[in-house]
Structures are given as structure tokens and as C-alpha cells.
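Next up, model.cif (mmCIF, C-alpha atoms and all ligand atoms):
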data_upload
#
loop_
_atom_site.group_PDB
_atom_site.id
_atom_site.type_symbol
_atom_site.label_atom_id
_atom_site.label_comp_id
_atom_site.auth_asym_id
_atom_site.auth_seq_id
_atom_site.Cartn_x
_atom_site.Cartn_y
_atom_site.Cartn_z
ATOM 1 C CA MET A 1 -27.643 44.210 42.714
ATOM 2 C CA SER A 2 -26.575 45.736 46.034
ATOM 3 C CA GLU A 3 -23.572 48.030 46.363
ATOM 4 C CA GLU A 4 -21.546 45.263 48.059
ATOM 5 C CA GLN A 5 -22.050 42.926 45.118
ATOM 6 C CA THR A 6 -20.936 45.306 42.366
ATOM 7 C CA LEU A 7 -17.312 45.847 41.537
ATOM 8 C CA LYS A 8 -16.149 49.413 42.034
ATOM 9 C CA ILE A 9 -13.005 50.942 40.725
ATOM 10 C CA GLU A 10 -12.520 54.318 42.288
ATOM 11 C CA LYS A 11 -13.917 57.282 40.372
ATOM 12 C CA ILE A 12 -11.302 59.500 38.814
ATOM 13 C CA GLN A 13 -10.967 63.240 39.101
ATOM 14 C CA LYS A 14 -9.665 63.892 35.611
ATOM 15 C CA GLY A 15 -8.791 61.665 32.688
ATOM 16 C CA THR A 16 -10.257 58.993 30.437
ATOM 17 C CA VAL A 17 -12.341 55.910 31.141
ATOM 18 C CA ILE A 18 -12.444 53.157 28.522
ATOM 19 C CA ASP A 19 -15.445 51.011 29.403
ATOM 20 C CA HIS A 20 -17.195 48.064 27.726
ATOM 21 C CA ILE A 21 -13.932 46.681 26.359
ATOM 22 C CA PRO A 22 -14.580 43.154 25.050
ATOM 23 C CA VAL A 23 -13.525 40.806 27.833
ATOM 24 C CA GLY A 24 -9.844 39.870 27.705
ATOM 25 C CA ARG A 25 -8.753 42.813 25.552
ATOM 26 C CA ALA A 26 -7.668 45.335 28.212
ATOM 27 C CA LEU A 27 -3.985 44.408 28.018
ATOM 28 C CA GLN A 28 -3.967 44.816 24.244
ATOM 29 C CA VAL A 29 -5.576 48.246 24.632
ATOM 30 C CA LEU A 30 -2.852 49.243 27.120
ATOM 31 C CA LYS A 31 -0.198 48.041 24.666
ATOM 32 C CA ILE A 32 -1.725 50.127 21.887
ATOM 33 C CA LEU A 33 -1.672 53.190 24.132
ATOM 34 C CA ASN A 34 1.937 52.495 25.145
ATOM 35 C CA ILE A 35 0.972 52.353 28.772
ATOM 36 C CA TYR A 36 3.524 50.458 30.824
ATOM 37 C CA SER A 37 4.078 50.215 34.554
ATOM 38 C CA ASP A 38 6.620 53.055 34.573
ATOM 39 C CA ILE A 39 4.412 55.521 32.698
ATOM 40 C CA GLY A 40 3.995 57.744 35.743
ATOM 41 C CA LEU A 41 0.205 57.930 35.426
ATOM 42 C CA THR A 42 -2.352 56.319 37.701
ATOM 43 C CA VAL A 43 -4.065 53.584 35.705
ATOM 44 C CA SER A 44 -6.793 51.259 37.008
ATOM 45 C CA ILE A 45 -7.594 48.092 35.123
ATOM 46 C CA ALA A 46 -10.499 45.730 35.680
ATOM 47 C CA ILE A 47 -10.470 42.481 33.767
ATOM 48 C CA HIS A 48 -13.352 40.053 33.450
ATOM 49 C CA VAL A 49 -16.000 42.050 35.316
ATOM 50 C CA LYS A 50 -19.769 41.750 35.039
ATOM 51 C CA SER A 51 -21.511 44.077 32.615
ATOM 52 C CA LYS A 52 -25.211 44.632 32.017
ATOM 53 C CA LYS A 53 -24.614 45.127 28.298
ATOM 54 C CA LEU A 54 -21.927 42.558 27.484
ATOM 55 C CA GLY A 55 -22.098 39.825 30.100
ATOM 56 C CA LEU A 56 -18.417 40.317 30.848
ATOM 57 C CA LYS A 57 -16.114 43.200 30.001
ATOM 58 C CA ASP A 58 -12.811 44.895 30.787
ATOM 59 C CA VAL A 59 -12.450 48.518 31.960
ATOM 60 C CA ILE A 60 -9.462 50.899 31.982
ATOM 61 C CA LYS A 61 -9.245 54.254 33.753
ATOM 62 C CA ILE A 62 -6.316 56.506 32.954
ATOM 63 C CA GLU A 63 -5.869 59.589 35.077
ATOM 64 C CA GLU A 64 -4.632 62.827 33.537
ATOM 65 C CA ARG A 65 -4.618 61.465 29.994
ATOM 66 C CA ILE A 66 -6.763 62.401 26.960
ATOM 67 C CA LEU A 67 -6.644 60.195 23.858
ATOM 68 C CA ASP A 68 -6.115 61.542 20.341
ATOM 69 C CA SER A 69 -8.063 60.435 17.259
ATOM 70 C CA SER A 70 -5.327 58.104 16.059
ATOM 71 C CA GLU A 71 -5.345 56.316 19.433
ATOM 72 C CA LEU A 72 -9.149 56.092 19.323
ATOM 73 C CA ASN A 73 -9.016 54.524 15.844
ATOM 74 C CA LYS A 74 -6.474 51.975 17.045
ATOM 75 C CA ILE A 75 -8.647 51.106 20.048
ATOM 76 C CA ALA A 76 -11.616 50.622 17.706
ATOM 77 C CA LEU A 77 -9.668 47.958 15.827
ATOM 78 C CA VAL A 78 -9.296 45.766 18.922
ATOM 79 C CA ALA A 79 -12.243 46.918 21.057
ATOM 80 C CA GLU A 80 -15.003 48.010 18.686
ATOM 81 C CA GLY A 81 -17.916 49.493 20.651
ATOM 82 C CA ALA A 82 -15.882 50.413 23.752
ATOM 83 C CA THR A 83 -17.235 53.493 25.519
ATOM 84 C CA ILE A 84 -14.916 56.432 26.107
ATOM 85 C CA SER A 85 -15.794 58.840 28.912
ATOM 86 C CA ILE A 86 -13.800 62.008 29.388
ATOM 87 C CA VAL A 87 -13.859 63.024 33.039
ATOM 88 C CA ASP A 88 -13.077 66.426 34.473
ATOM 89 C CA ASN A 89 -13.627 67.533 38.037
ATOM 90 C CA PHE A 90 -15.181 64.083 38.728
ATOM 91 C CA GLU A 91 -17.911 64.664 36.091
ATOM 92 C CA VAL A 92 -18.292 62.890 32.742
ATOM 93 C CA ILE A 93 -18.043 65.814 30.316
ATOM 94 C CA LYS A 94 -18.035 63.788 27.089
ATOM 95 C CA LYS A 95 -19.015 60.211 26.291
ATOM 96 C CA PHE A 96 -18.978 58.306 23.005
ATOM 97 C CA SER A 97 -18.268 54.852 21.645
ATOM 98 C CA VAL A 98 -15.392 54.004 19.330
ATOM 99 C CA LYS A 99 -16.242 52.751 15.861
ATOM 100 C CA ALA A 100 -13.809 51.139 13.489
ATOM 101 C CA PRO A 101 -13.309 53.403 10.444
ATOM 102 C CA GLU A 102 -14.194 51.977 6.997
ATOM 103 C CA VAL A 103 -10.648 52.626 5.802
ATOM 104 C CA VAL A 104 -7.562 52.337 8.009
ATOM 105 C CA ILE A 105 -4.619 54.421 6.837
ATOM 106 C CA GLY A 106 -1.124 54.515 8.306
ATOM 107 C CA ILE A 107 -1.734 53.114 11.794
ATOM 108 C CA LEU A 108 -1.038 49.498 10.928
ATOM 109 C CA ARG A 109 1.803 47.639 9.193
ATOM 110 C CA CYS A 110 0.823 45.077 6.551
ATOM 111 C CA SER A 111 1.838 41.593 7.743
ATOM 112 C CA ASN A 112 3.088 40.658 4.263
ATOM 113 C CA PRO A 113 6.840 41.449 4.147
ATOM 114 C CA ARG A 114 6.721 41.680 0.342
ATOM 115 C CA CYS A 115 3.878 44.231 0.333
ATOM 116 C CA ILE A 116 4.814 47.500 -1.404
ATOM 117 C CA THR A 117 4.121 49.281 1.911
ATOM 118 C CA ASN A 118 7.016 47.297 3.475
ATOM 119 C CA THR A 119 9.668 47.494 0.762
ATOM 120 C CA GLY A 120 10.916 51.033 1.236
ATOM 121 C CA GLU A 121 8.775 52.606 -1.512
ATOM 122 C CA ASN A 122 7.383 55.250 0.839
ATOM 123 C CA VAL A 123 3.787 54.075 0.359
ATOM 124 C CA LYS A 124 1.479 54.513 3.358
ATOM 125 C CA SER A 125 -0.348 51.388 4.472
ATOM 126 C CA SER A 126 -4.060 51.285 3.700
ATOM 127 C CA PHE A 127 -6.678 48.693 4.624
ATOM 128 C CA ILE A 128 -10.393 48.268 4.151
ATOM 129 C CA ILE A 129 -12.621 46.533 6.664
ATOM 130 C CA THR A 130 -14.127 43.397 5.169
ATOM 131 C CA SER A 131 -15.739 42.122 8.382
ATOM 132 C CA LYS A 132 -16.629 43.797 11.699
ATOM 133 C CA ASP A 133 -17.252 40.870 14.031
ATOM 134 C CA PRO A 134 -14.646 39.476 14.094
ATOM 135 C CA ILE A 135 -12.773 42.365 12.586
ATOM 136 C CA ILE A 136 -10.918 41.558 9.356
ATOM 137 C CA LEU A 137 -8.842 44.100 7.434
ATOM 138 C CA LYS A 138 -7.699 43.683 3.855
ATOM 139 C CA CYS A 139 -4.593 45.414 2.531
ATOM 140 C CA HIS A 140 -5.457 47.778 -0.319
ATOM 141 C CA TYR A 141 -2.168 46.910 -2.082
ATOM 142 C CA CYS A 142 -1.445 43.184 -1.656
ATOM 143 C CA GLU A 143 -4.896 42.021 -0.485
ATOM 144 C CA ARG A 144 -3.432 40.269 2.576
ATOM 145 C CA GLU A 145 -6.214 39.789 5.144
ATOM 146 C CA MET A 146 -5.458 40.369 8.815
ATOM 147 C CA GLU A 147 -7.491 39.300 11.865
ATOM 148 C CA THR A 148 -7.412 40.534 15.454
ATOM 149 C CA ASP A 149 -4.182 38.869 16.690
ATOM 150 C CA GLU A 150 -2.214 39.991 13.647
ATOM 151 C CA ILE A 151 -3.757 43.443 13.816
ATOM 152 C CA ILE A 152 -2.637 43.840 17.431
ATOM 153 C CA GLU A 153 0.918 42.729 16.587
ATOM 154 C CA ASN A 154 1.185 45.173 13.702
ATOM 155 C CA ILE A 155 -0.278 48.375 15.082
ATOM 156 C CA VAL A 156 2.375 51.100 14.920
HETATM 157 N N1 LIG A 201 -16.361 57.416 35.880
HETATM 158 C C1 LIG A 201 -15.194 57.514 36.643
HETATM 159 N N2 LIG A 201 -14.947 58.658 37.354
HETATM 160 C C2 LIG A 201 -15.826 59.669 37.363
HETATM 161 C C3 LIG A 201 -17.024 59.579 36.623
HETATM 162 C C4 LIG A 201 -17.267 58.416 35.880
HETATM 163 O O1 LIG A 201 -14.368 56.607 36.650
HETATM 164 N N3 LIG A 201 -15.550 60.747 38.105
HETATM 165 C C5 LIG A 201 -16.578 56.194 35.064
HETATM 166 C C6 LIG A 201 -17.754 55.333 35.532
HETATM 167 O O2 LIG A 201 -17.302 54.407 36.497
HETATM 168 C C7 LIG A 201 -18.146 54.642 34.234
HETATM 169 C C8 LIG A 201 -17.810 55.670 33.153
HETATM 170 O O3 LIG A 201 -16.887 56.580 33.744
HETATM 171 O O4 LIG A 201 -17.311 53.507 34.001
HETATM 172 C C9 LIG A 201 -19.026 56.407 32.659
HETATM 173 O O5 LIG A 201 -19.601 57.112 33.717
HETATM 174 P P1 LIG A 201 -21.187 57.294 33.865
HETATM 175 O O6 LIG A 201 -21.708 57.747 32.545
HETATM 176 O O7 LIG A 201 -21.460 58.112 35.063
HETATM 177 O O8 LIG A 201 -21.557 55.794 34.236
HETATM 178 P P2 LIG A 201 -22.748 54.835 33.872
HETATM 179 O O9 LIG A 201 -23.947 55.581 33.449
HETATM 180 O O10 LIG A 201 -22.858 53.890 34.996
HETATM 181 O O11 LIG A 201 -22.042 54.087 32.660
HETATM 182 P P3 LIG A 201 -22.599 53.184 31.483
HETATM 183 O O12 LIG A 201 -24.069 53.374 31.366
HETATM 184 O O13 LIG A 201 -21.812 53.695 30.298
HETATM 185 O O14 LIG A 201 -22.169 51.790 31.856
HETATM 186 ZN ZN ZN A 202 -0.094 44.623 1.995
#
Would you put the structure from the file into C-alpha cells?
Amino acid sequence: MSEEQTLKIEKIQKGTVIDHIPVGRALQVLKILNIYSDIGLTVSIAIHVKSKKLGLKDVIKIEERILDSSELNKIALVAEGATISIVDNFEVIKKFSVKAPEVVIGILRCSNPRCITNTGENVKSSFIITSKDPIILKCHYCEREMETDEIIENIV
């Protein structure tokens, strides 16, 4: 493909690139990261762009922001396989893909209001992954199963 035919979002000087996001999930990833229009950071978002690996994908570039491990685990729940590139001085200094952990502790509310994790007992939520594609999590306590849409709604 020639340069004119490929989509280019400007390179960033310093920050984080989240690439190979499953198409249509960029806005959920932004929600998880609490990135809103008044955040005061420069954020570029490409939705529904061509990818060699995925067919179509979404991409997010956040300037001046590094993600912590809890944020990376949350991203993995809605965008398993996304590639994270840490950029400094215009160079990619670190690159890895996010993988959903086998056990998810504390970053998600159980969608069952009667679950012991929701009734003021001071019990941390805990889920195991029962399926990866699509992702399904099962509550360790009440066995409620949650799929992507519910997972997104209940990330804390
Ligand atoms: N990137 C950026 N700013 C930079 C350097 C890289 O925005 N200063 C972005 C690239 O656009 C790409 C990602 O960071 O989305 C990874 O960069 P690189 O490894 O150089 O790109 P590719 O090899 O093209 O990526 P891949 O093979 O992962 O698709
Ligand atoms: Zn539960």
C-alpha cells in the first residue's frame, strides 16, 4: 500500500499507544481509563481502521500518560491482545500485548446485587475466566457469569 492510502495518526513524542484494539472497542477503553474530553491530555483515536493482523482495528494514542498494571488488566478484559507501546523521545522503548489474567481480583463489581461482594461484608470481588473469546468471567462467590457488555459496565 502506498503512503497516501494508509491512515496515519501523528507519531507522539512521549506517552502510550494502544494498538490492535478489537474494532469498535476504543470508546470502552477510553471509559476504562477515565479519559474524557476535559482530561487535559492530547489523545488521538482511530476507529475502524485497516489492520494487517486483524482486518479492522481501533487505535488510541495518549500523550504524556503511562498506564499502571491495574489499568492494563482492565484493558485486557475488553481488548485482549491489544498492543501497548511506550514511547519516549519519539522512539518505542517498550512494547507488549495485554493478556487477560486467569483470575480477576478487585477491579470489577459482580453484577449480582445479592452477591456477598455487594452486601457490605467487605469481601473483595474475585472472578475466574471461563472463556477467552468471547471473554466470560465467573464470580468466585455466587457463580454469576458476566460477558463483555456487563464487564464494561461493572469495571471500577
Ligand atoms: N508510534 C507512535 N509514535 C511514535 C512511535 C510509534 O505513535 N513516536 C506508534 C506507531 O504508530 C504504532 C505503535 O506506536 O501504532 C508501535 O510502533 P512501531 O513498533 O514502530 O510500529 P509498527 O512496527 O508499525 O507496529 P505493529 O507492527 O505493532 O503494527
Ligand atoms: Zn458474585
Point to revise | Å distance separating CA of Lys95 (chain A) from CA of Ile47 (chain A), one decimal place | key: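 Between CA of Lys95 (chain A) and CA of Ile47 (chain A) the gap is 21.1 Å.
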Exercise for review: Just give me the gap between CA of Ser125 (chain A) and CA of Ile60 (chain A) in Å, one decimal is fine.
Suggested key: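 Separation between CA of Ser125 (chain A) and CA of Ile60 (chain A): 29.0 Å.
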Review point. When the PyMOL selection byres (((not hetatm)) within 8 of (chain A and resi 202)) is applied to the file above, which residues end up in the set, as an MDAnalysis selection string?
Key: chainID A and resid 110:118 125:126 138:144
Exercise for review: For ligand LIG 201 (chain A), collect every residue having any atom at a distance of at most 7 Å from a ligand atom (counting only C-alpha atoms and all ligand atoms); output as a list in words.
Suggested key: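 Checked against 7 Å with only C-alpha atoms and all ligand atoms; the hits are Ile9, Glu10, Lys11, Ile12, Gln13, Val17, Asp19, Lys61, Thr83, Ser85, Val87, Phe90, Glu91 and Val92 of chain A.
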Check your understanding: What does the distance from CA of Ala46 (chain A) to CA of Ile18 (chain A) come to in Å, to one decimal?
Key ->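 That distance, rounded to one decimal, is 10.5 Å.
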Output check: residues returned by the PyMOL selection byres (((chain A and resi 59) around 12) and not hetatm), as a short mmCIF file (atom, residue, chain, number, x, y, z; two decimals) with C-alpha atoms, in the coordinates of the input:
data_model
loop_
_atom_site.label_atom_id
_atom_site.label_comp_id
_atom_site.auth_asym_id
_atom_site.auth_seq_id
_atom_site.Cartn_x
_atom_site.Cartn_y
_atom_site.Cartn_z
CA LEU A 7 -17.31 45.85 41.54
CA LYS A 8 -16.15 49.41 42.03
CA ILE A 9 -13.00 50.94 40.72
CA GLU A 10 -12.52 54.32 42.29
CA THR A 16 -10.26 58.99 30.44
CA VAL A 17 -12.34 55.91 31.14
CA ILE A 18 -12.44 53.16 28.52
CA ASP A 19 -15.44 51.01 29.40
CA HIS A 20 -17.20 48.06 27.73
CA ILE A 21 -13.93 46.68 26.36
CA PRO A 22 -14.58 43.15 25.05
CA VAL A 23 -13.52 40.81 27.83
CA GLY A 24 -9.84 39.87 27.70
CA ARG A 25 -8.75 42.81 25.55
CA ALA A 26 -7.67 45.34 28.21
CA LEU A 27 -3.98 44.41 28.02
CA VAL A 29 -5.58 48.25 24.63
CA LEU A 30 -2.85 49.24 27.12
CA VAL A 43 -4.07 53.58 35.70
CA SER A 44 -6.79 51.26 37.01
CA ILE A 45 -7.59 48.09 35.12
CA ALA A 46 -10.50 45.73 35.68
CA ILE A 47 -10.47 42.48 33.77
CA HIS A 48 -13.35 40.05 33.45
CA VAL A 49 -16.00 42.05 35.32
CA LYS A 50 -19.77 41.75 35.04
CA SER A 51 -21.51 44.08 32.62
CA LEU A 56 -18.42 40.32 30.85
CA LYS A 57 -16.11 43.20 30.00
CA ASP A 58 -12.81 44.90 30.79
CA ILE A 60 -9.46 50.90 31.98
CA LYS A 61 -9.24 54.25 33.75
CA ILE A 62 -6.32 56.51 32.95
CA ALA A 79 -12.24 46.92 21.06
CA ALA A 82 -15.88 50.41 23.75
CA THR A 83 -17.24 53.49 25.52
CA ILE A 84 -14.92 56.43 26.11
CA SER A 85 -15.79 58.84 28.91
#
Practice item. Do a neighbour search on Val156 (chain A) at 7 Å with only C-alpha atoms, toss out local chain neighbours closer than 3 positions, and write the hits as a VMD selection string. Key: chain A and resid 107 to 109
Point to revise | Leu72 (chain A) environment, 9 Å, only C-alpha atoms, sequence neighbours closer than 4 positions dropped, as JSON, numbers by chain | key: {"A": [67, 68, 76, 77, 84, 98, 99, 100]}
Check your understanding: Given the choices A:Val123, A:Val103, A:Asp133, A:Ser69, which gets closest to Gly81 (chain A) if the distance is worked out from all atoms listed in the file?
Key -> A:Asp133
Exercise for review: Name the residues captured by the PyMOL selection byres (((chain A and resi 32) around 8) and not hetatm) when it is applied to the shown file; answer as a list in words.
Suggested key: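 Selection result, ordered by chain and number: Gln28, Val29, Leu30, Lys31, Leu33, Asn34, Ile35, Glu71, Lys74, Ile75, Ile152 and Ile155 of chain A.
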Practice item. Determine, counting all atoms listed in the file, every residue of protein, DNA or RNA that lies within 10 Å of (-15.3, 41.7, 14.8) in the file coordinates, then give the result as a ChimeraX atom specification. Key: /A:77-80,100,129-136,147-148
Point to revise | Given all atoms listed in the file as the counted atoms, nearest of A:Leu41, A:Leu137, A:Asp149, A:Gly106 to Arg65 (chain A) | key: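 Checking each candidate against Arg65 (chain A), we get A:Leu41 as the closest.
If all atoms listed in the file are the atoms counted, then among A:Pro101, A:Lys94, A:Lys52, A:Ile39 the closest residue to Glu64 (chain A) is A:Ile39.
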Exercise for review: May I ask which of the residues A:Gly120, A:Gly40, A:Gly15, A:Gly55 is the closest one to Asn89 (chain A), counting all atoms listed in the file?
Suggested key: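 Among A:Gly120, A:Gly40, A:Gly15, A:Gly55, it is A:Gly15 that comes nearest to Asn89 (chain A).
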